[in-house]
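Okay, protein36.tsv now, which holds TSV, C-alpha atoms:
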chain	number	residue	atom	x	y	z
A	1418	MET	CA	6.02	-5.31	-24.61
A	1419	ASN	CA	5.87	-9.11	-24.88
A	1420	ASN	CA	3.40	-10.31	-22.24
A	1421	SER	CA	5.24	-13.59	-21.64
A	1422	GLY	CA	6.29	-13.59	-17.99
A	1423	ASN	CA	4.63	-10.20	-17.46
A	1424	ARG	CA	1.04	-11.22	-16.77
A	1425	ILE	CA	-0.44	-8.93	-14.12
A	1426	VAL	CA	-3.50	-9.38	-11.93
A	1427	ILE	CA	-4.70	-6.30	-10.05
A	1428	ILE	CA	-7.21	-6.18	-7.18
A	1429	SER	CA	-8.68	-2.86	-6.06
A	1430	PRO	CA	-10.89	-2.64	-2.95
A	1431	VAL	CA	-13.11	0.46	-3.31
A	1432	ARG	CA	-15.85	2.16	-1.32
A	1433	ASP	CA	-17.57	5.44	-2.24
A	1434	GLU	CA	-14.85	6.44	-4.71
A	1435	GLU	CA	-17.10	8.24	-7.21
A	1436	GLU	CA	-14.80	11.27	-7.10
A	1437	PHE	CA	-11.66	9.31	-8.00
A	1438	ILE	CA	-12.59	6.04	-9.74
A	1439	GLY	CA	-12.81	7.61	-13.19
A	1440	GLY	CA	-9.22	8.82	-12.93
A	1441	ILE	CA	-7.76	5.43	-12.08
A	1442	ILE	CA	-9.81	3.75	-14.81
A	1443	LYS	CA	-8.46	6.25	-17.34
A	1444	SER	CA	-4.91	5.57	-16.12
A	1445	MET	CA	-5.40	1.82	-16.45
A	1446	ILE	CA	-6.91	1.69	-19.93
A	1447	SER	CA	-4.10	3.92	-21.25
A	1448	GLN	CA	-1.32	1.56	-20.09
A	1449	THR	CA	1.19	0.19	-22.60
A	1450	VAL	CA	1.05	-3.07	-20.62
A	1451	ILE	CA	-2.54	-4.04	-19.78
A	1452	PRO	CA	-3.21	-6.49	-16.92
A	1453	VAL	CA	-4.70	-9.86	-17.79
A	1454	GLU	CA	-7.31	-9.13	-15.12
A	1455	TRP	CA	-8.37	-6.20	-12.96
A	1456	VAL	CA	-10.79	-7.17	-10.20
A	1457	ILE	CA	-12.48	-4.15	-8.61
A	1458	VAL	CA	-14.18	-5.07	-5.33
A	1459	ASP	CA	-16.97	-2.69	-4.39
A	1460	ASP	CA	-17.08	-2.81	-0.60
A	1461	GLY	CA	-20.54	-1.37	0.03
A	1462	SER	CA	-20.52	1.91	-1.91
A	1463	THR	CA	-23.59	4.14	-1.61
A	1464	ASP	CA	-22.62	6.50	-4.45
A	1465	ARG	CA	-22.15	5.99	-8.22
A	1466	THR	CA	-18.93	3.98	-7.87
A	1467	PRO	CA	-20.44	0.62	-9.00
A	1468	GLU	CA	-22.19	2.27	-11.94
A	1469	ILE	CA	-18.93	3.78	-13.20
A	1470	ILE	CA	-17.09	0.46	-12.83
A	1471	LYS	CA	-19.83	-1.48	-14.64
A	1472	LYS	CA	-19.58	0.84	-17.63
A	1473	ALA	CA	-15.80	0.32	-17.81
A	1474	ALA	CA	-16.23	-3.47	-17.48
A	1475	GLN	CA	-18.65	-3.49	-20.42
A	1476	GLU	CA	-16.02	-1.79	-22.59
A	1477	HIS	CA	-12.96	-3.79	-21.42
A	1478	ASP	CA	-13.20	-7.53	-20.85
A	1479	TRP	CA	-10.16	-7.59	-18.52
A	1480	ILE	CA	-12.02	-5.42	-15.98
A	1481	HIS	CA	-14.65	-6.97	-13.80
A	1482	LEU	CA	-16.63	-5.87	-10.77
A	1483	GLU	CA	-17.24	-7.92	-7.63
A	1484	GLN	CA	-19.76	-6.51	-5.17
A	1485	LYS	CA	-19.05	-7.49	-1.61
A	1486	PRO	CA	-21.91	-7.48	0.94
A	1487	ASN	CA	-21.97	-4.17	2.80
A	1488	ARG	CA	-20.46	-4.38	6.31
A	1489	GLY	CA	-22.12	-1.08	7.20
A	1490	ASP	CA	-19.21	1.38	7.32
A	1491	ARG	CA	-15.71	2.01	5.99
A	1492	ALA	CA	-13.13	-0.21	7.70
A	1493	VAL	CA	-9.58	0.76	6.72
A	1494	GLY	CA	-6.72	-1.62	7.48
A	1495	PRO	CA	-8.21	-5.06	8.07
A	1496	GLY	CA	-11.34	-4.12	6.11
A	1497	VAL	CA	-9.24	-3.29	3.04
A	1498	VAL	CA	-7.42	-6.63	3.25
A	1499	GLU	CA	-10.73	-8.45	3.73
A	1500	ALA	CA	-12.03	-6.82	0.54
A	1501	PHE	CA	-8.75	-7.64	-1.25
A	1502	TYR	CA	-9.14	-11.32	-0.43
A	1503	TYR	CA	-12.77	-11.24	-1.51
A	1504	GLY	CA	-11.42	-10.30	-4.93
A	1505	TYR	CA	-8.42	-12.63	-4.71
A	1506	GLU	CA	-10.70	-15.62	-4.19
A	1507	ARG	CA	-12.61	-14.65	-7.35
A	1508	ILE	CA	-9.71	-14.22	-9.78
A	1509	LYS	CA	-10.70	-15.85	-13.07
A	1510	ILE	CA	-7.16	-16.16	-14.47
A	1511	ASP	CA	-5.04	-19.05	-13.16
A	1512	GLU	CA	-1.77	-18.16	-14.86
A	1513	TYR	CA	-0.20	-14.86	-13.87
A	1514	ASP	CA	3.25	-13.62	-12.83
A	1515	PHE	CA	2.56	-10.51	-10.74
A	1516	ILE	CA	-0.20	-9.53	-8.33
A	1517	CYS	CA	-1.05	-6.00	-7.25
A	1518	LYS	CA	-3.27	-4.47	-4.59
A	1519	MET	CA	-4.13	-0.99	-5.87
A	1520	ASP	CA	-6.10	1.90	-4.37
A	1521	ALA	CA	-8.68	3.86	-6.37
A	1522	ASP	CA	-7.53	7.37	-5.44
A	1523	ILE	CA	-4.38	7.45	-7.59
A	1524	GLU	CA	-3.45	8.32	-11.17
A	1525	PHE	CA	-0.30	7.54	-13.18
A	1526	GLY	CA	1.25	7.71	-16.65
A	1527	GLU	CA	0.79	5.23	-19.49
A	1528	LYS	CA	4.20	3.56	-19.05
A	1529	TYR	CA	3.82	2.86	-15.33
A	1530	PHE	CA	3.59	-0.93	-15.51
A	1531	GLU	CA	5.92	-1.25	-18.49
A	1532	THR	CA	8.61	0.65	-16.58
A	1533	LEU	CA	7.99	-1.20	-13.31
A	1534	LEU	CA	8.30	-4.57	-15.06
A	1535	SER	CA	11.65	-3.52	-16.52
A	1536	PHE	CA	13.07	-3.27	-12.98
A	1537	PHE	CA	11.83	-6.77	-12.15
A	1538	ALA	CA	13.39	-8.09	-15.37
A	1539	LYS	CA	16.79	-6.72	-14.30
A	1540	ASP	CA	16.69	-8.13	-10.76
A	1541	PRO	CA	15.42	-11.70	-10.12
A	1542	TYR	CA	15.49	-11.04	-6.37
A	1543	LEU	CA	13.22	-7.99	-6.56
A	1544	GLY	CA	10.03	-9.23	-4.93
A	1545	ALA	CA	7.92	-6.08	-4.67
A	1546	ALA	CA	8.17	-2.52	-5.94
A	1547	SER	CA	6.30	0.70	-6.66
A	1548	GLY	CA	6.89	4.24	-7.82
A	1549	LYS	CA	6.74	7.30	-5.58
A	1550	PRO	CA	3.47	9.02	-4.55
A	1551	PHE	CA	2.95	12.74	-5.12
A	1552	LEU	CA	0.28	15.11	-3.79
A	1553	GLU	CA	-1.15	18.04	-5.74
A	1554	GLU	CA	-0.76	21.21	-3.67
A	1555	GLU	CA	-1.44	24.69	-5.05
A	1556	GLY	CA	-0.75	23.59	-8.60
A	1557	LYS	CA	2.49	21.80	-7.72
A	1558	LEU	CA	3.33	18.14	-7.21
A	1559	ILE	CA	4.83	17.45	-3.77
A	1560	GLU	CA	6.37	14.04	-3.07
A	1561	GLU	CA	4.84	12.09	-0.17
A	1562	ARG	CA	7.90	10.91	1.69
A	1563	THR	CA	8.25	7.16	1.30
A	1564	ASN	CA	11.18	4.99	2.33
A	1565	ASP	CA	13.19	3.71	-0.64
A	1566	GLU	CA	13.18	0.17	0.76
A	1567	MET	CA	9.42	-0.03	1.09
A	1568	VAL	CA	6.65	-0.38	-1.49
A	1569	ALA	CA	4.18	2.53	-1.47
A	1570	GLY	CA	0.99	1.40	0.25
A	1571	GLN	CA	-1.28	2.83	-2.45
A	1572	ILE	CA	-0.01	0.40	-5.11
A	1573	ASN	CA	1.48	-2.82	-3.68
A	1574	PHE	CA	2.96	-4.73	-6.64
A	1575	TYR	CA	4.45	-8.20	-6.02
A	1576	ARG	CA	6.13	-10.91	-7.96
A	1577	ARG	CA	3.71	-13.80	-7.49
A	1578	GLN	CA	6.36	-16.06	-5.95
A	1579	CYS	CA	7.27	-13.38	-3.42
A	1580	PHE	CA	3.62	-12.84	-2.47
A	1581	GLU	CA	3.18	-16.56	-1.88
A	1582	ASP	CA	6.49	-16.93	-0.02
A	1583	MET	CA	5.56	-14.23	2.49
A	1584	GLY	CA	2.14	-15.81	3.04
A	1585	GLY	CA	0.10	-12.95	1.60
A	1586	PHE	CA	-1.30	-10.10	3.68
A	1587	VAL	CA	-2.07	-10.20	7.39
A	1588	ARG	CA	-5.73	-9.29	7.86
A	1589	GLU	CA	-5.00	-6.63	10.46
A	1590	VAL	CA	-3.83	-3.03	10.76
A	1591	HIS	CA	-0.43	-2.21	9.28
A	1592	TRP	CA	-0.67	-5.13	6.89
A	1593	ASP	CA	1.57	-3.40	4.32
A	1594	GLY	CA	4.38	-2.71	6.78
A	1595	ILE	CA	4.29	-6.33	7.90
A	1596	ALA	CA	4.32	-7.48	4.26
A	1597	PHE	CA	7.45	-5.43	3.54
A	1598	HIS	CA	9.39	-6.98	6.40
A	1599	ARG	CA	8.15	-10.49	5.67
A	1600	CYS	CA	9.37	-10.15	2.07
A	1601	ARG	CA	12.77	-9.14	3.41
A	1602	MET	CA	12.83	-12.13	5.80
A	1603	GLU	CA	12.13	-14.45	2.86
A	1604	GLY	CA	15.17	-13.15	1.02
A	1605	TRP	CA	13.45	-10.77	-1.40
A	1606	ARG	CA	14.31	-7.16	-2.11
A	1607	THR	CA	11.63	-4.46	-2.06
A	1608	MET	CA	11.75	-0.82	-3.12
A	1609	SER	CA	9.88	2.32	-4.10
A	1610	ILE	CA	11.55	3.80	-7.15
A	1611	ARG	CA	12.05	7.45	-8.03
A	1612	HIS	CA	11.58	7.51	-11.80
A	1613	PRO	CA	9.60	9.91	-14.05
A	1614	ASP	CA	7.43	7.10	-15.46
A	1615	LEU	CA	6.76	5.69	-12.00
A	1616	ASN	CA	5.70	8.86	-10.19
A	1617	PHE	CA	1.99	8.68	-9.40
A	1618	ILE	CA	-0.50	11.17	-8.04
A	1619	HIS	CA	-2.21	10.38	-4.76
A	1620	LYS	CA	-5.46	12.32	-4.74
A	1621	ARG	CA	-5.72	12.67	-0.97
A	1622	LEU	CA	-3.27	12.86	1.92
A	1623	MET	CA	-2.20	9.48	3.28
A	1624	GLY	CA	-4.30	8.47	6.28
A	1625	SER	CA	-7.14	10.91	5.58
A	1626	SER	CA	-9.63	8.53	3.91
A	1627	HIS	CA	-11.49	7.74	7.15
A	1628	LYS	CA	-12.87	10.40	9.54
A	1629	ASN	CA	-9.95	12.90	9.54
A	1630	ILE	CA	-6.19	13.14	9.26
A	1631	LEU	CA	-5.47	13.22	13.01
A	1632	TYR	CA	-7.60	10.12	13.50
A	1633	GLY	CA	-5.57	8.58	10.69
A	1634	ARG	CA	-2.29	9.47	12.40
A	1635	MET	CA	-3.53	7.97	15.65
A	1636	ARG	CA	-4.46	4.79	13.76
A	1637	TRP	CA	-1.01	4.87	12.17
A	1638	GLY	CA	0.61	4.73	15.62
A	1639	LYS	CA	-1.66	1.89	16.70
A	1640	GLY	CA	-0.65	0.04	13.56
A	1641	GLN	CA	3.02	0.46	14.44
A	1642	TYR	CA	2.29	-0.97	17.90
A	1643	PHE	CA	0.45	-3.93	16.39
A	1644	MET	CA	3.34	-4.65	14.01
A	1645	GLY	CA	5.80	-4.74	16.92
A	1646	THR	CA	7.79	-1.54	16.36
A	1647	HIS	CA	10.23	-0.80	19.20
A	1648	PRO	CA	9.26	2.20	21.43
A	1649	LEU	CA	12.51	4.02	20.63
A	1650	TYR	CA	11.83	3.75	16.93
A	1651	ILE	CA	8.31	5.18	17.21
A	1652	PHE	CA	9.81	8.39	18.60
A	1653	ALA	CA	12.07	8.65	15.55
A	1654	ILE	CA	9.05	8.22	13.28
A	1655	GLY	CA	7.11	10.80	15.28
A	1656	VAL	CA	9.90	13.39	15.02
A	1657	TYR	CA	10.24	12.81	11.28
A	1658	ARG	CA	6.51	13.31	10.71
A	1659	LEU	CA	6.42	16.58	12.68
A	1660	PHE	CA	7.52	18.43	9.55
A	1661	GLU	CA	4.72	17.47	7.17
A	1662	ARG	CA	0.98	18.08	7.10
A	1663	PRO	CA	-0.62	18.22	9.59
A	1664	PHE	CA	2.50	19.90	10.94
A	1665	VAL	CA	3.61	18.96	14.48
A	1666	LEU	CA	0.29	17.34	15.42
A	1667	GLY	CA	0.68	14.58	12.84
A	1668	GLY	CA	3.89	13.21	14.32
A	1669	LEU	CA	2.63	13.73	17.88
A	1670	PHE	CA	-0.57	11.78	17.22
A	1671	ILE	CA	1.40	8.84	15.77
A	1672	VAL	CA	3.31	8.57	19.05
A	1673	ILE	CA	0.11	9.02	21.09
A	1674	GLY	CA	-1.62	6.29	19.09
A	1675	TYR	CA	1.26	3.89	19.73
A	1676	PHE	CA	1.31	4.37	23.51
A	1677	LYS	CA	-2.48	4.46	23.74
A	1678	ALA	CA	-2.52	1.00	22.13
A	1679	MET	CA	0.14	-0.12	24.60
A	1680	LEU	CA	-1.84	1.16	27.62
A	1681	GLU	CA	-4.98	-0.52	26.32
A	1682	SER	CA	-3.08	-3.82	25.88
A	1683	MET	CA	-4.06	-3.94	22.23
A	1684	PRO	CA	-3.36	-7.36	20.65
A	1685	ARG	CA	-0.13	-7.53	18.65
A	1686	TYR	CA	1.21	-9.47	15.70
A	1687	GLU	CA	2.47	-12.43	17.71
A	1688	ASN	CA	5.26	-13.67	15.50
A	1689	MET	CA	8.42	-13.60	17.60
A	1690	PRO	CA	10.92	-14.33	14.78
A	1691	PHE	CA	9.33	-11.46	12.86
A	1692	ARG	CA	9.53	-9.07	15.81
A	1693	LYS	CA	13.15	-10.02	16.49
A	1694	SER	CA	14.03	-9.39	12.85
A	1695	LEU	CA	12.07	-6.13	12.82
A	1696	HIS	CA	13.85	-4.79	15.93
A	1697	ALA	CA	17.25	-5.77	14.52
A	1698	TRP	CA	16.42	-3.92	11.31
A	1699	GLN	CA	15.20	-0.84	13.19
A	1700	PHE	CA	18.18	-0.68	15.55
A	1701	GLU	CA	20.61	-1.14	12.69
A	1702	ARG	CA	19.25	2.01	11.11
A	1703	LEU	CA	19.28	3.95	14.36
A	1704	LYS	CA	22.85	2.88	15.21
A	1705	LEU	CA	24.10	3.67	11.73
A	1706	GLY	CA	22.78	7.18	12.21
A	1707	LYS	CA	20.91	7.17	8.91
A	1708	ARG	CA	18.78	10.16	8.10
A	1709	LEU	CA	15.21	10.05	9.36
A	1710	GLU	CA	14.05	9.81	5.73
A	1711	THR	CA	15.15	6.17	5.82
A	1712	ILE	CA	12.63	5.31	8.54
A	1713	PRO	CA	9.71	3.49	6.90
A	1714	GLU	CA	6.20	3.36	8.12
A	1715	SER	CA	2.91	2.80	6.36
A	1716	GLU	CA	-0.75	3.54	6.51
A	1717	PRO	CA	-2.56	0.74	8.42

Can you dump the structure from the file as structure tokens?
Amino acid sequence: MNNSGNRIVIISPVRDEEEFIGGIIKSMISQTVIPVEWVIVDDGSTDRTPEIIKKAAQEHDWIHLEQKPNRGDRAVGPGVVEAFYYGYERIKIDEYDFICKMDADIEFGEKYFETLLSFFAKDPYLGAASGKPFLEEEGKLIEERTNDEMVAGQINFYRRQCFEDMGGFVREVHWDGIAFHRCRMEGWRTMSIRHPDLNFIHKRLMGSSHKNILYGRMRWGKGQYFMGTHPLYIFAIGVYRLFERPFVLGGLFIVIGYFKAMLESMPRYENMPFRKSLHAWQFERLKLGKRLETIPESEP
């Protein structure tokens, strides 16, 4: 594919990803469209993660490692965005067309970026997009349910102009959910696309990378509260998530996390035009009686 207008910069915050980093590196170097730069930010790993990245960087000049000072422990949500911006501030390439924040615990086919770029070429108003995440369970691939209007959190891929229009990522929990709605407010379309070349494997259950899955679901609910989600809508999300692992408790803990944050007077994303737009969007979907699959939420 001609690289004119398709120049991609990718930033991957990583921490103790020795188990998975080799898989994502293999996926990247096999791509039919190679990024002009892939910045991997090591955020205080204590395992062999930096060693594996250094070897890849020696073999491919478009990969480079940035080692961020260790904050002491894993900090999902705002910590991930902090690490992203540590890499963003150290991008060596000035001219690029797309920017991507990508996790290390995923794998995908060789035509992933080529196929994704074809969707952007067809739609000048498409601001951000991804494929669909799948989990490996008992030898089968099971789709992680993701709203079609929202970019999968594991691989946030933006047209550069869209990323700049929305003001980049908020350095707080639920940054990806906020980004999705801010794109929409700026007049851009966003989507996660169900396509064979865009399906990717997520090597661990969403929300399970820190402590345990129930802690992750509780954090998920707190993230929804921070974003400004309406209380009625959080119940719809909770009901929808009752029917996936961890069954029943997962959805319940999302709701508990939301109201725990409310009772603790947790600070919120204080952008009133955003919250007004968010509530209008949420109530539109509830009033239209759309299936619960259309209710988006994201890992903070």

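With all atoms listed in the file taken into account, the protein and nucleic acid residues at most 7 Å from A:His1696 (excluding it and anything under 4 positions from it in its own chain) are Thr1646, His1647, Arg1692 and Phe1700 of chain A.
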
> Could you pull the residues within 9 Å of stretch 1541-1550 of chain A, counting all atoms listed in the file, minus those fewer than 3 positions along the same chain, as JSON, numbers by chain?
Replying inline: {"A": [1523, 1529, 1533, 1536, 1537, 1538, 1559, 1560, 1561, 1562, 1563, 1565, 1566, 1567, 1568, 1569, 1570, 1571, 1572, 1573, 1574, 1575, 1576, 1577, 1578, 1579, 1580, 1597, 1600, 1601, 1604, 1605, 1606, 1607, 1608, 1609, 1610, 1611, 1612, 1613, 1614, 1615, 1616, 1617, 1618, 1619]}

> Could you pull the residues within 10 Å of A:Gln1641, counting only C-alpha atoms, minus those fewer than 2 positions along the same chain, as a PyMOL selection string?
Replying inline: chain A and resi 1590-1591+1594-1595+1636-1639+1643-1648+1650-1651+1654+1671-1672+1674-1675+1678+1685+1714-1717

> Between A:Val1450, A:Val1497, A:Ile1516, A:Ile1441, which has the minimum distance to A:Ile1470 (counting only C-alpha atoms)?
Replying inline: A:Ile1441

> Which one is closest to A:Leu1631: A:Phe1670, A:Lys1528, A:Lys1518, A:Lys1704? Count all atoms listed in the file.
Replying inline: A:Phe1670

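Between atom CA of A:Ala1474 and atom CA of A:Gly1439 the separation is 12.4 Å.
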
> When distances are computed from all atoms listed in the file, which of A:Ala1521, A:Ile1510, A:Ile1480, A:Val1453 shows the smallest separation from A:Arg1432?
Replying inline: A:Ala1521
